Each structure stands twice: as structure tokens, then as C-alpha cells.
Amino acid sequence: MNDGGQAGPGGDAAWASERRGLLGRARCIVIKVGSAVLTDADGLALKVLDSLASQIAALRGKGPGGDGDRRVVLVSSGAVAAGRAALGCRGIDARGRDLAVRQAAAAVGQGLLMRAWDRAFRPHNIVTAQVLLTRDDLRSRTRFLNARNTFAELLGWGVLPIVNENDTVSVAELKFGDNDCLASLLVNLVGADLFINLTSARGVCARDPQADPGAPVLVRIEDVSRLDLGRLCGAKTSVGTGGMRSKLMAARRAAQLGVPTLILRGRDPDALTRAFGLVEAAEATPAGTWVDPARHAIPRRKFWLAYQSEPAGSLTVDAGAAAALMREGGSLLPGGVRGVSGSFPKGALVRVEHEGQALGVGLTNYSAADLRKIMGLKRHEVAAILGNAHYPDVIHRDNLLLDAAV
């Protein structure tokens with residue numbers, strides 16, 4: 001065991017048994033597959049899609065107790081890469097990184113991606129459904145609940161939802177950033193009890209594989225919040241937008257819900273079915289990296305509040321306020337605020353920081369302009385400036401998530 005709270009290669013028998021049990025009991029799984037797994041220089045790697053479709057069909061047919069009721073939501077990258085390849089065949093260079101080029105390539109590639117998945121699942125008699133989301137669909141509580149009801153109907157019918165970000169219409173402030181983030185938020189939306197992230201890497205390495213290609217893979221991460229991401233994470237893949245850092249941030253969000261994450265190399269033969277023990281594995285050591293869930297799950301409402309959107313600004317607090325938040329579970333009062341960064345309205349999501357360290361995120365009861373007037377003041381002093389129509393708390397503890405993965 002080391003400073004990150006992660007186990008090296010091997011693991012113990014008790015944990016291996018617990019891992020098998022959690023995999024076997026999983027009734028609803030979110031599986032995310034990245035562009036580097038699904039695409040190559042010629043566009044979509046159809047043999048890879050066929051292999052994954054066959055494995056996902058096997059997982060669905062072997063639910064807990066063998067009753068075949070396991071539900072799967074698939075988050076699929078690859079639209080931009082598929083669109084670029086199709087356009088390239090016509091002499092159109094769509095490799096630019098600017099938003100308009102990516103959105104246009106996604107518009108071309110999304111239909112190709114869904115047709116390829118539909119073709120791959122058809123031999124297994126699995127009906128697929130395309131679901132395109134923007135962050136605004138999850139930020140609005142009404143739309144969030146509507147999306148949850150839609151997923152419930154699809155899964156109840158035995159349909160396999162295939163989800164991607166709606167790149168064609170997303171604007172910067174409404175983007176998830178990458179499909180790792182989207183997938184981790186879907187874990188909450190659909191009530192999943194397992195998150196699987198299929199990537200081009202062998203798993204999470206003990207050191208940055210770009211600097212140390214021989215770094216061993218961590219079989220188990222017990223406390224993902226304690227990891228030194230700068231030491232562990234290398235560069236992003238050439239075709240994707242994520243990288244191991246975003247995968248570990250996604251795993252950290254899932255862990256806060258009490259949901260474990262399994263990070264696997266998606267192109268390994270039978271990667272999924274071997275993990276679930278549906279085919280025999282040649283190696284005794286489990287493949288990939290298992291990320292333990294947190295011991296105490298946070299309320300799903302608080303999860304939604306914290307990750308509904310990117311923070312619009314930040315508040316710097318003093319040592320007394322930091323201690324009250326971290327050790328006593330208190331709310332943030334005006335007297336503890338020492339600095340305000342950004343311009344945001346009342347009700348915005350903001351970061352809370354102390355001495356350059358992020359403590360968490362929360363919904364502010366005051367705008368940035370009003371906070372600059374009242375920071376550091378006592379309650380009666382706040383009333384003298386803003387009148388009686390003010391809040392005792394800047395951020396109430398019920399609207400605050402500490403140690404947020406943002």
C-alpha cells in the first residue's frame with residue numbers, strides 16, 4: 001500500500017472474492033468506450049464494435065442469479081473520429097481542433113456510429129436507442145427527471161441506450177468536456193451500481209506511462225480521492241479528449257455515489273466477459289484497475305447539485321471557516337469569506353478554496369457583487385448593508401459537496 005491508497009499488482013484473495021461478488025450482483029451497468037478503442041486510421045474499427053457487442057450481449061444475458069435481466073447503458077465516443085475519416089475519403093480535411101470543425105465532423109460521424117452499433121447488435125436481437133445529451137439536459141432538474149424516466153422506459157423494454165454528447169449543438173459552457181464526465185453523471189441518472197470504462201490503456205499505471213513505459217498496472221485503488229494525478233496520468237490519446245486523468249475523475253465521482261469502477265483495455269480479447277468470469281482468463285491476476293467505492297455514499301441530490309455545471313467562480317475562505325466546513329460539517333458564513341473570484345449570480349455553483357487548495361463546491365446564496373460587499377462581516381453588519389432580506393449562510397451545508405471531483 002502506498003501514499004495514494006492503492007494496491008500494487010496481485011491483491012489479496014478476500015478482495016478478489018469481493019470483486020467477483022460485486023461484478024456478479026451488478027444489475028445496472030454504465031459502460032463507456034473511448035474513441036481510441038473504437039476507431040483507427042480508416043474510421044470506425046468494425047471488428048472491435050462486433051466484439052464489444054457480442055460481449056455486452058453476453059453480460060445482459062447473464063444477470064444476477066442467471067435471470068438475464070442485467071441492464072446496460074453504453075456511452076460511446078467515436079463520432080468525431082468517424083466523421084473525420086468519412087470526410088477525409090472525400091478530400092475534406094476536418095482535423096482542426098476548433099469547436100465548429102469538431103461539431104461539423106460529429107454531425108457527419110454520429111449517424112455512421114449509430115448505424116455501426118445497430119449493425120453490431122442486430123445478430124444478438126438487441127434493439128438500440130440513440131440518446132444525445134448536453135449538460136443543460138442534466139442541469140435543469142425537470143429535464144433531468146424527464147431523462148431519467150426515458151432511460152427507465154428504454155431499459156424496462158430491454159432496449160440498449162447508446163449515449164453520446166450532442167456535439168453538434170453544444171456550446172462551451174454546456175459541454176460535459178468529455179464522455180468520461182458524461183458517463184459518470186449517467187451513473188447517477190440511471191441508478192447504476194457499476195461503472196466500466198474501456199480505454200486504450202492497460203489500466204491505471206503506478207507512474208506516468210509516458211515517462212516510465214514499464215510502470216506496473218494498479219490492480220486496485222482503494223481511495224481514489226488520495227491519488228496524485230500529476231504523477232500517475234500521462235497525455236491524452238491522439239483521437240480522444242480525455243486521458244487517464246479524466247477517467248480517474250469520473251471514477252472518483254462514481255465512488256462518491258458508492259459505485260465501483262473497472263478500467264479495462266477495450267481491445268483486449270474478451271475483456272468484459274473475462275472480467276465477469278464468463279470465459280476463462282489465462283492470468284490469475286485480474287486485468288485492468290478496480291476502483292473501490294467510497295465507504296459512505298453522498299446523497300444523490302447533493303451529487304446532482306455539485307456536478308450540474310462547471311463552477312462559475314470561487315470563494316477563498318479563512319482557516320476558521322475551512323475547519324468549520326471540513327471538520328464540523330458547518331455552513332459557510334459571510335465572516336469566513338476572504339476573497340471572491342469571478343462574476344456570478346445568486347444560486348450559482350462556486351468553488352470553495354483555502355490557501356490554494358479546493359475544499360469543495362456549493363450553491364451560493366449571494367451574487368459575486370453582493371459577496372464583495374459583505375465578505376468578512378458579521379451577521380448584523382451584513383444586515384446594515386443589504387437590509388433584512390439576506391441569508392445567514394453564503395453556502396448552506398446541504399448545498400455543499402466537499403472534496404468534489406471538478
# chains A, B, ... in the order shown; residues from 1 in each chain; ligands from 1
call {"tool": "residues_around", "arguments": {"residues": "Glu353 in chain A", "least_positions_apart": "6", "cutoff": "9 Å", "atoms": "only C-alpha atoms", "output": "NGL selection string"}}
result
:A and (314-318 or 322 or 359-361)
call {"tool": "residues_around", "arguments": {"residues": "range 126-135 of chain A", "least_positions_apart": "6", "cutoff": "8 Å", "atoms": "only C-alpha atoms", "output": "list in words"}}
result
Ala57, Met114, Trp117, Asp118, Leu154, Gly158, Val159, Leu160, Pro161, Ile162, Val163, Asn164, Glu165, Asn166, Asp167, Ser170, Leu174, Lys175, Phe176, Gln308 and Ser309 of chain A
call {"tool": "write_last_selection", "arguments": {"atoms": "N, CA and C atoms", "output": "PDB file, in the first residue's frame"}}
result
ATOM      1  N   ALA A  57     -23.798  -8.331 -25.077  1.00  0.00           N
ATOM      2  CA  ALA A  57     -24.952  -9.240 -25.159  1.00  0.00           C
ATOM      3  C   ALA A  57     -24.817 -10.366 -24.145  1.00  0.00           C
ATOM      4  N   MET A 114     -23.937   5.299 -35.050  1.00  0.00           N
ATOM      5  CA  MET A 114     -25.138   4.580 -34.637  1.00  0.00           C
ATOM      6  C   MET A 114     -25.472   3.437 -35.593  1.00  0.00           C
ATOM      7  N   TRP A 117     -23.175   0.563 -34.651  1.00  0.00           N
ATOM      8  CA  TRP A 117     -23.591  -0.133 -33.429  1.00  0.00           C
ATOM      9  C   TRP A 117     -24.859  -0.946 -33.664  1.00  0.00           C
ATOM     10  N   ASP A 118     -25.799  -0.384 -34.397  1.00  0.00           N
ATOM     11  CA  ASP A 118     -27.042  -1.105 -34.670  1.00  0.00           C
ATOM     12  C   ASP A 118     -26.757  -2.396 -35.436  1.00  0.00           C
ATOM     13  N   LEU A 154     -36.751   2.794 -21.549  1.00  0.00           N
ATOM     14  CA  LEU A 154     -35.918   2.060 -22.510  1.00  0.00           C
ATOM     15  C   LEU A 154     -35.355   0.788 -21.896  1.00  0.00           C
ATOM     16  N   GLY A 158     -35.959  -3.516 -22.435  1.00  0.00           N
ATOM     17  CA  GLY A 158     -34.844  -4.334 -22.904  1.00  0.00           C
ATOM     18  C   GLY A 158     -34.051  -3.685 -24.018  1.00  0.00           C
ATOM     19  N   VAL A 159     -34.284  -2.394 -24.246  1.00  0.00           N
ATOM     20  CA  VAL A 159     -33.550  -1.645 -25.263  1.00  0.00           C
ATOM     21  C   VAL A 159     -32.200  -1.212 -24.694  1.00  0.00           C
ATOM     22  N   LEU A 160     -31.181  -1.160 -25.536  1.00  0.00           N
ATOM     23  CA  LEU A 160     -29.857  -0.728 -25.119  1.00  0.00           C
ATOM     24  C   LEU A 160     -29.663   0.748 -25.515  1.00  0.00           C
ATOM     25  N   PRO A 161     -29.672   1.675 -24.554  1.00  0.00           N
ATOM     26  CA  PRO A 161     -29.409   3.077 -24.889  1.00  0.00           C
ATOM     27  C   PRO A 161     -27.930   3.278 -25.229  1.00  0.00           C
ATOM     28  N   ILE A 162     -27.670   3.964 -26.333  1.00  0.00           N
ATOM     29  CA  ILE A 162     -26.311   4.328 -26.716  1.00  0.00           C
ATOM     30  C   ILE A 162     -26.229   5.844 -26.655  1.00  0.00           C
ATOM     31  N   VAL A 163     -25.398   6.345 -25.761  1.00  0.00           N
ATOM     32  CA  VAL A 163     -25.399   7.752 -25.383  1.00  0.00           C
ATOM     33  C   VAL A 163     -24.126   8.429 -25.872  1.00  0.00           C
ATOM     34  N   ASN A 164     -24.277   9.668 -26.311  1.00  0.00           N
ATOM     35  CA  ASN A 164     -23.135  10.493 -26.673  1.00  0.00           C
ATOM     36  C   ASN A 164     -23.504  11.939 -26.370  1.00  0.00           C
ATOM     37  N   GLU A 165     -22.496  12.779 -26.258  1.00  0.00           N
ATOM     38  CA  GLU A 165     -22.774  14.198 -26.119  1.00  0.00           C
ATOM     39  C   GLU A 165     -23.301  14.732 -27.443  1.00  0.00           C
ATOM     40  N   ASN A 166     -24.248  15.655 -27.358  1.00  0.00           N
ATOM     41  CA  ASN A 166     -24.811  16.253 -28.568  1.00  0.00           C
ATOM     42  C   ASN A 166     -23.842  17.335 -29.061  1.00  0.00           C
ATOM     43  N   ASP A 167     -22.709  16.884 -29.626  1.00  0.00           N
ATOM     44  CA  ASP A 167     -21.636  17.798 -30.013  1.00  0.00           C
ATOM     45  C   ASP A 167     -22.069  18.837 -31.016  1.00  0.00           C
ATOM     46  N   SER A 170     -23.886  21.627 -28.828  1.00  0.00           N
ATOM     47  CA  SER A 170     -23.348  22.047 -27.537  1.00  0.00           C
ATOM     48  C   SER A 170     -22.484  23.288 -27.692  1.00  0.00           C
ATOM     49  N   LEU A 174     -21.988  24.542 -21.973  1.00  0.00           N
ATOM     50  CA  LEU A 174     -22.937  23.454 -21.757  1.00  0.00           C
ATOM     51  C   LEU A 174     -22.333  22.091 -22.091  1.00  0.00           C
ATOM     52  N   LYS A 175     -21.030  22.049 -22.355  1.00  0.00           N
ATOM     53  CA  LYS A 175     -20.399  20.784 -22.704  1.00  0.00           C
ATOM     54  C   LYS A 175     -19.976  20.033 -21.443  1.00  0.00           C
ATOM     55  N   PHE A 176     -20.005  18.698 -21.524  1.00  0.00           N
ATOM     56  CA  PHE A 176     -19.517  17.875 -20.431  1.00  0.00           C
ATOM     57  C   PHE A 176     -17.994  17.904 -20.368  1.00  0.00           C
ATOM     58  N   GLN A 308     -23.855  19.582 -11.692  1.00  0.00           N
ATOM     59  CA  GLN A 308     -24.816  20.038 -12.697  1.00  0.00           C
ATOM     60  C   GLN A 308     -24.155  20.923 -13.747  1.00  0.00           C
ATOM     61  N   SER A 309     -23.113  21.660 -13.369  1.00  0.00           N
ATOM     62  CA  SER A 309     -22.444  22.561 -14.302  1.00  0.00           C
ATOM     63  C   SER A 309     -21.052  22.862 -13.772  1.00  0.00           C
TER      64      SER A 309
END
call {"tool": "closest_residue", "arguments": {"among": "A:Asn197, A:Ser35, A:Gln256, A:Ser367", "to": "Trp290 in chain A", "atoms": "only C-alpha atoms"}}
result
A:Asn197
call {"tool": "closest_residue", "arguments": {"among": "A:Ala147, A:Val72, A:Ala358, A:Val337", "to": "Asp393 in chain A", "atoms": "only C-alpha atoms"}}
result
A:Val337
call {"tool": "residues_around", "arguments": {"residues": "Gly61 in chain A", "least_positions_apart": "5", "cutoff": "12 Å", "atoms": "only C-alpha atoms", "output": "list in words"}}
result
Arg27, Ser54, Gln55, Ile56, Gly66, Asp67, Gly68, Asp69, Arg70, Arg71, Val72, His124, Asn125, Ile126, Gly158, Thr273 and Leu278 of chain A
call {"tool": "write_last_selection", "arguments": {"atoms": "N, CA and C atoms", "output": "mmCIF file, in the first residue's frame"}}
result
data_model
loop_
_atom_site.group_PDB
_atom_site.id
_atom_site.type_symbol
_atom_site.label_atom_id
_atom_site.label_comp_id
_atom_site.auth_asym_id
_atom_site.auth_seq_id
_atom_site.Cartn_x
_atom_site.Cartn_y
_atom_site.Cartn_z
ATOM 1 N N ARG A 27 -26.653 -5.106 -11.368
ATOM 2 C CA ARG A 27 -27.884 -5.189 -12.164
ATOM 3 C C ARG A 27 -27.955 -4.115 -13.249
ATOM 4 N N SER A 54 -20.909 -8.376 -28.914
ATOM 5 C CA SER A 54 -21.061 -9.771 -28.503
ATOM 6 C C SER A 54 -20.860 -9.917 -26.987
ATOM 7 N N GLN A 55 -19.868 -9.217 -26.446
ATOM 8 C CA GLN A 55 -19.603 -9.306 -25.007
ATOM 9 C C GLN A 55 -20.710 -8.655 -24.186
ATOM 10 N N ILE A 56 -21.197 -7.502 -24.646
ATOM 11 C CA ILE A 56 -22.279 -6.842 -23.920
ATOM 12 C C ILE A 56 -23.542 -7.683 -23.954
ATOM 13 N N GLY A 66 -28.508 -15.480 -12.858
ATOM 14 C CA GLY A 66 -28.712 -16.120 -14.152
ATOM 15 C C GLY A 66 -30.046 -15.824 -14.786
ATOM 16 N N ASP A 67 -30.724 -14.739 -14.303
ATOM 17 C CA ASP A 67 -32.065 -14.468 -14.814
ATOM 18 C C ASP A 67 -32.069 -13.583 -16.053
ATOM 19 N N GLY A 68 -30.880 -13.161 -16.508
ATOM 20 C CA GLY A 68 -30.799 -12.436 -17.761
ATOM 21 C C GLY A 68 -31.424 -11.060 -17.748
ATOM 22 N N ASP A 69 -31.505 -10.401 -16.576
ATOM 23 C CA ASP A 69 -32.156 -9.092 -16.519
ATOM 24 C C ASP A 69 -31.166 -7.960 -16.275
ATOM 25 N N ARG A 70 -29.894 -8.216 -16.521
ATOM 26 C CA ARG A 70 -28.920 -7.149 -16.320
ATOM 27 C C ARG A 70 -29.121 -6.057 -17.374
ATOM 28 N N ARG A 71 -29.074 -4.793 -16.933
ATOM 29 C CA ARG A 71 -29.301 -3.663 -17.819
ATOM 30 C C ARG A 71 -27.987 -2.934 -18.087
ATOM 31 N N VAL A 72 -27.803 -2.503 -19.319
ATOM 32 C CA VAL A 72 -26.562 -1.843 -19.728
ATOM 33 C C VAL A 72 -26.890 -0.545 -20.451
ATOM 34 N N HIS A 124 -27.581 -10.188 -32.217
ATOM 35 C CA HIS A 124 -27.902 -10.599 -30.848
ATOM 36 C C HIS A 124 -29.331 -10.232 -30.464
ATOM 37 N N ASN A 125 -30.097 -9.778 -31.458
ATOM 38 C CA ASN A 125 -31.512 -9.429 -31.254
ATOM 39 C C ASN A 125 -31.677 -8.333 -30.194
ATOM 40 N N ILE A 126 -30.754 -7.370 -30.205
ATOM 41 C CA ILE A 126 -30.802 -6.256 -29.253
ATOM 42 C C ILE A 126 -31.150 -4.983 -30.007
ATOM 43 N N GLY A 158 -35.959 -3.516 -22.435
ATOM 44 C CA GLY A 158 -34.844 -4.334 -22.904
ATOM 45 C C GLY A 158 -34.051 -3.685 -24.018
ATOM 46 N N THR A 273 -16.088 -10.063 -20.872
ATOM 47 C CA THR A 273 -16.557 -11.389 -20.449
ATOM 48 C C THR A 273 -15.551 -12.073 -19.525
ATOM 49 N N LEU A 278 -17.158 -15.000 -17.433
ATOM 50 C CA LEU A 278 -17.972 -15.728 -18.398
ATOM 51 C C LEU A 278 -17.116 -16.553 -19.350
#
call {"tool": "select_by_dssp", "arguments": {"residues": "range 83-296 of chain A", "states": "alpha helix (DSSP H)", "output": "MDAnalysis selection string"}}
result
chainID A and resid 83:88 99:121 135:139 141:156 179:190 229:232 244:256 271:275
call {"tool": "select_by_dssp", "arguments": {"residues": "range 101-170 of chain A", "states": "strand (DSSP E)", "output": "list in words"}}
result
Thr128, Ala129, Gln130, Val131, Leu132, Leu133, Leu160, Pro161, Ile162, Val163, Asn164 and Glu165 of chain A
call {"tool": "decode", "arguments": {"residues": "range 153-262 of chain A", "atoms": "C-alpha atoms", "output": "PDB file, in the first residue's frame"}}
result
ATOM      1  CA  GLU A 153     -38.636   3.052 -20.039  1.00  0.00           C
ATOM      2  CA  LEU A 154     -35.918   2.060 -22.510  1.00  0.00           C
ATOM      3  CA  LEU A 155     -34.205  -0.242 -20.043  1.00  0.00           C
ATOM      4  CA  GLY A 156     -37.533  -1.713 -18.989  1.00  0.00           C
ATOM      5  CA  TRP A 157     -38.223  -2.608 -22.619  1.00  0.00           C
ATOM      6  CA  GLY A 158     -34.844  -4.334 -22.904  1.00  0.00           C
ATOM      7  CA  VAL A 159     -33.550  -1.645 -25.263  1.00  0.00           C
ATOM      8  CA  LEU A 160     -29.857  -0.728 -25.119  1.00  0.00           C
ATOM      9  CA  PRO A 161     -29.409   3.077 -24.889  1.00  0.00           C
ATOM     10  CA  ILE A 162     -26.311   4.328 -26.716  1.00  0.00           C
ATOM     11  CA  VAL A 163     -25.399   7.752 -25.383  1.00  0.00           C
ATOM     12  CA  ASN A 164     -23.135  10.493 -26.673  1.00  0.00           C
ATOM     13  CA  GLU A 165     -22.774  14.198 -26.119  1.00  0.00           C
ATOM     14  CA  ASN A 166     -24.811  16.253 -28.568  1.00  0.00           C
ATOM     15  CA  ASP A 167     -21.636  17.798 -30.013  1.00  0.00           C
ATOM     16  CA  THR A 168     -23.400  19.406 -32.956  1.00  0.00           C
ATOM     17  CA  VAL A 169     -25.354  21.868 -30.790  1.00  0.00           C
ATOM     18  CA  SER A 170     -23.348  22.047 -27.537  1.00  0.00           C
ATOM     19  CA  VAL A 171     -21.750  25.364 -26.685  1.00  0.00           C
ATOM     20  CA  ALA A 172     -18.685  25.595 -24.490  1.00  0.00           C
ATOM     21  CA  GLU A 173     -20.495  26.343 -21.227  1.00  0.00           C
ATOM     22  CA  LEU A 174     -22.937  23.454 -21.757  1.00  0.00           C
ATOM     23  CA  LYS A 175     -20.399  20.784 -22.704  1.00  0.00           C
ATOM     24  CA  PHE A 176     -19.517  17.875 -20.431  1.00  0.00           C
ATOM     25  CA  GLY A 177     -15.907  18.223 -21.551  1.00  0.00           C
ATOM     26  CA  ASP A 178     -15.564  14.553 -22.461  1.00  0.00           C
ATOM     27  CA  ASN A 179     -17.572  11.342 -22.360  1.00  0.00           C
ATOM     28  CA  ASP A 180     -15.853  10.228 -19.141  1.00  0.00           C
ATOM     29  CA  CYS A 181     -17.631  13.091 -17.385  1.00  0.00           C
ATOM     30  CA  LEU A 182     -20.918  12.325 -19.161  1.00  0.00           C
ATOM     31  CA  ALA A 183     -20.708   8.634 -18.222  1.00  0.00           C
ATOM     32  CA  SER A 184     -20.061   9.388 -14.543  1.00  0.00           C
ATOM     33  CA  LEU A 185     -23.129  11.645 -14.428  1.00  0.00           C
ATOM     34  CA  LEU A 186     -25.215   8.917 -16.081  1.00  0.00           C
ATOM     35  CA  VAL A 187     -24.264   6.593 -13.218  1.00  0.00           C
ATOM     36  CA  ASN A 188     -26.374   8.871 -11.041  1.00  0.00           C
ATOM     37  CA  LEU A 189     -29.106   9.419 -13.631  1.00  0.00           C
ATOM     38  CA  VAL A 190     -29.855   5.722 -14.246  1.00  0.00           C
ATOM     39  CA  GLY A 191     -29.033   4.459 -10.746  1.00  0.00           C
ATOM     40  CA  ALA A 192     -26.208   2.208 -11.941  1.00  0.00           C
ATOM     41  CA  ASP A 193     -24.333   0.018  -9.480  1.00  0.00           C
ATOM     42  CA  LEU A 194     -21.218  -0.489 -11.635  1.00  0.00           C
ATOM     43  CA  PHE A 195     -19.217   1.756 -13.978  1.00  0.00           C
ATOM     44  CA  ILE A 196     -16.893   0.247 -16.610  1.00  0.00           C
ATOM     45  CA  ASN A 197     -14.523   2.455 -18.587  1.00  0.00           C
ATOM     46  CA  LEU A 198     -12.998   0.849 -21.688  1.00  0.00           C
ATOM     47  CA  THR A 199      -9.828   2.599 -22.796  1.00  0.00           C
ATOM     48  CA  SER A 200      -6.674   2.091 -24.847  1.00  0.00           C
ATOM     49  CA  ALA A 201      -4.524   1.742 -21.696  1.00  0.00           C
ATOM     50  CA  ARG A 202      -3.889  -1.470 -19.730  1.00  0.00           C
ATOM     51  CA  GLY A 203      -5.343   0.204 -16.675  1.00  0.00           C
ATOM     52  CA  VAL A 204      -4.074   2.823 -14.236  1.00  0.00           C
ATOM     53  CA  CYS A 205      -0.296   2.664 -14.009  1.00  0.00           C
ATOM     54  CA  ALA A 206       1.639   3.267 -10.784  1.00  0.00           C
ATOM     55  CA  ARG A 207       3.597   6.017 -12.564  1.00  0.00           C
ATOM     56  CA  ASP A 208       3.109   8.116 -15.690  1.00  0.00           C
ATOM     57  CA  PRO A 209       3.488   5.577 -18.541  1.00  0.00           C
ATOM     58  CA  GLN A 210       4.714   8.316 -20.873  1.00  0.00           C
ATOM     59  CA  ALA A 211       7.742   8.831 -18.644  1.00  0.00           C
ATOM     60  CA  ASP A 212       8.033   5.219 -17.446  1.00  0.00           C
ATOM     61  CA  PRO A 213       6.723   2.692 -20.025  1.00  0.00           C
ATOM     62  CA  GLY A 214       7.470  -0.197 -17.655  1.00  0.00           C
ATOM     63  CA  ALA A 215       5.294   1.128 -14.833  1.00  0.00           C
ATOM     64  CA  PRO A 216       3.093  -1.666 -13.405  1.00  0.00           C
ATOM     65  CA  VAL A 217      -0.698  -1.514 -13.546  1.00  0.00           C
ATOM     66  CA  LEU A 218      -2.502  -0.937 -10.262  1.00  0.00           C
ATOM     67  CA  VAL A 219      -4.944  -3.779  -9.791  1.00  0.00           C
ATOM     68  CA  ARG A 220      -6.899  -1.956  -7.101  1.00  0.00           C
ATOM     69  CA  ILE A 221      -7.331   1.654  -5.970  1.00  0.00           C
ATOM     70  CA  GLU A 222      -8.860   1.782  -2.520  1.00  0.00           C
ATOM     71  CA  ASP A 223      -9.221   5.568  -2.156  1.00  0.00           C
ATOM     72  CA  VAL A 224      -9.246   7.379  -5.490  1.00  0.00           C
ATOM     73  CA  SER A 225      -9.528  10.786  -3.788  1.00  0.00           C
ATOM     74  CA  ARG A 226      -5.986  10.401  -2.415  1.00  0.00           C
ATOM     75  CA  LEU A 227      -4.266   9.796  -5.743  1.00  0.00           C
ATOM     76  CA  ASP A 228      -1.546  12.098  -7.033  1.00  0.00           C
ATOM     77  CA  LEU A 229      -2.959  12.556 -10.532  1.00  0.00           C
ATOM     78  CA  GLY A 230       0.046  14.525 -11.719  1.00  0.00           C
ATOM     79  CA  ARG A 231       2.309  11.536 -11.024  1.00  0.00           C
ATOM     80  CA  LEU A 232       0.002   8.890 -12.433  1.00  0.00           C
ATOM     81  CA  CYS A 233      -1.502  10.452 -15.543  1.00  0.00           C
ATOM     82  CA  GLY A 234       0.072  10.892 -18.932  1.00  0.00           C
ATOM     83  CA  ALA A 235      -1.097  12.681 -22.042  1.00  0.00           C
ATOM     84  CA  LYS A 236      -4.468  12.424 -23.747  1.00  0.00           C
ATOM     85  CA  THR A 237      -4.917   9.970 -26.597  1.00  0.00           C
ATOM     86  CA  SER A 238      -4.484  11.361 -30.089  1.00  0.00           C
ATOM     87  CA  VAL A 239      -8.117  10.810 -31.092  1.00  0.00           C
ATOM     88  CA  GLY A 240      -9.939  11.400 -27.815  1.00  0.00           C
ATOM     89  CA  THR A 241     -10.469  14.350 -25.479  1.00  0.00           C
ATOM     90  CA  GLY A 242      -9.959  12.580 -22.180  1.00  0.00           C
ATOM     91  CA  GLY A 243      -6.949  10.683 -20.895  1.00  0.00           C
ATOM     92  CA  MET A 244      -6.384   8.788 -17.665  1.00  0.00           C
ATOM     93  CA  ARG A 245      -6.859  11.911 -15.553  1.00  0.00           C
ATOM     94  CA  SER A 246     -10.453  12.314 -16.753  1.00  0.00           C
ATOM     95  CA  LYS A 247     -11.080   8.581 -16.233  1.00  0.00           C
ATOM     96  CA  LEU A 248      -9.921   8.801 -12.632  1.00  0.00           C
ATOM     97  CA  MET A 249     -12.002  11.929 -12.058  1.00  0.00           C
ATOM     98  CA  ALA A 250     -15.005  10.019 -13.430  1.00  0.00           C
ATOM     99  CA  ALA A 251     -14.198   7.082 -11.146  1.00  0.00           C
ATOM    100  CA  ARG A 252     -13.971   9.489  -8.212  1.00  0.00           C
ATOM    101  CA  ARG A 253     -17.459  10.816  -8.923  1.00  0.00           C
ATOM    102  CA  ALA A 254     -18.847   7.283  -9.184  1.00  0.00           C
ATOM    103  CA  ALA A 255     -17.089   6.339  -5.942  1.00  0.00           C
ATOM    104  CA  GLN A 256     -18.856   9.192  -4.138  1.00  0.00           C
ATOM    105  CA  LEU A 257     -22.162   7.543  -5.076  1.00  0.00           C
ATOM    106  CA  GLY A 258     -20.955   4.236  -3.640  1.00  0.00           C
ATOM    107  CA  VAL A 259     -20.394   2.780  -7.129  1.00  0.00           C
ATOM    108  CA  PRO A 260     -17.158   0.942  -8.076  1.00  0.00           C
ATOM    109  CA  THR A 261     -15.338   1.485 -11.370  1.00  0.00           C
ATOM    110  CA  LEU A 262     -13.492  -1.027 -13.536  1.00  0.00           C
TER     111      LEU A 262
END
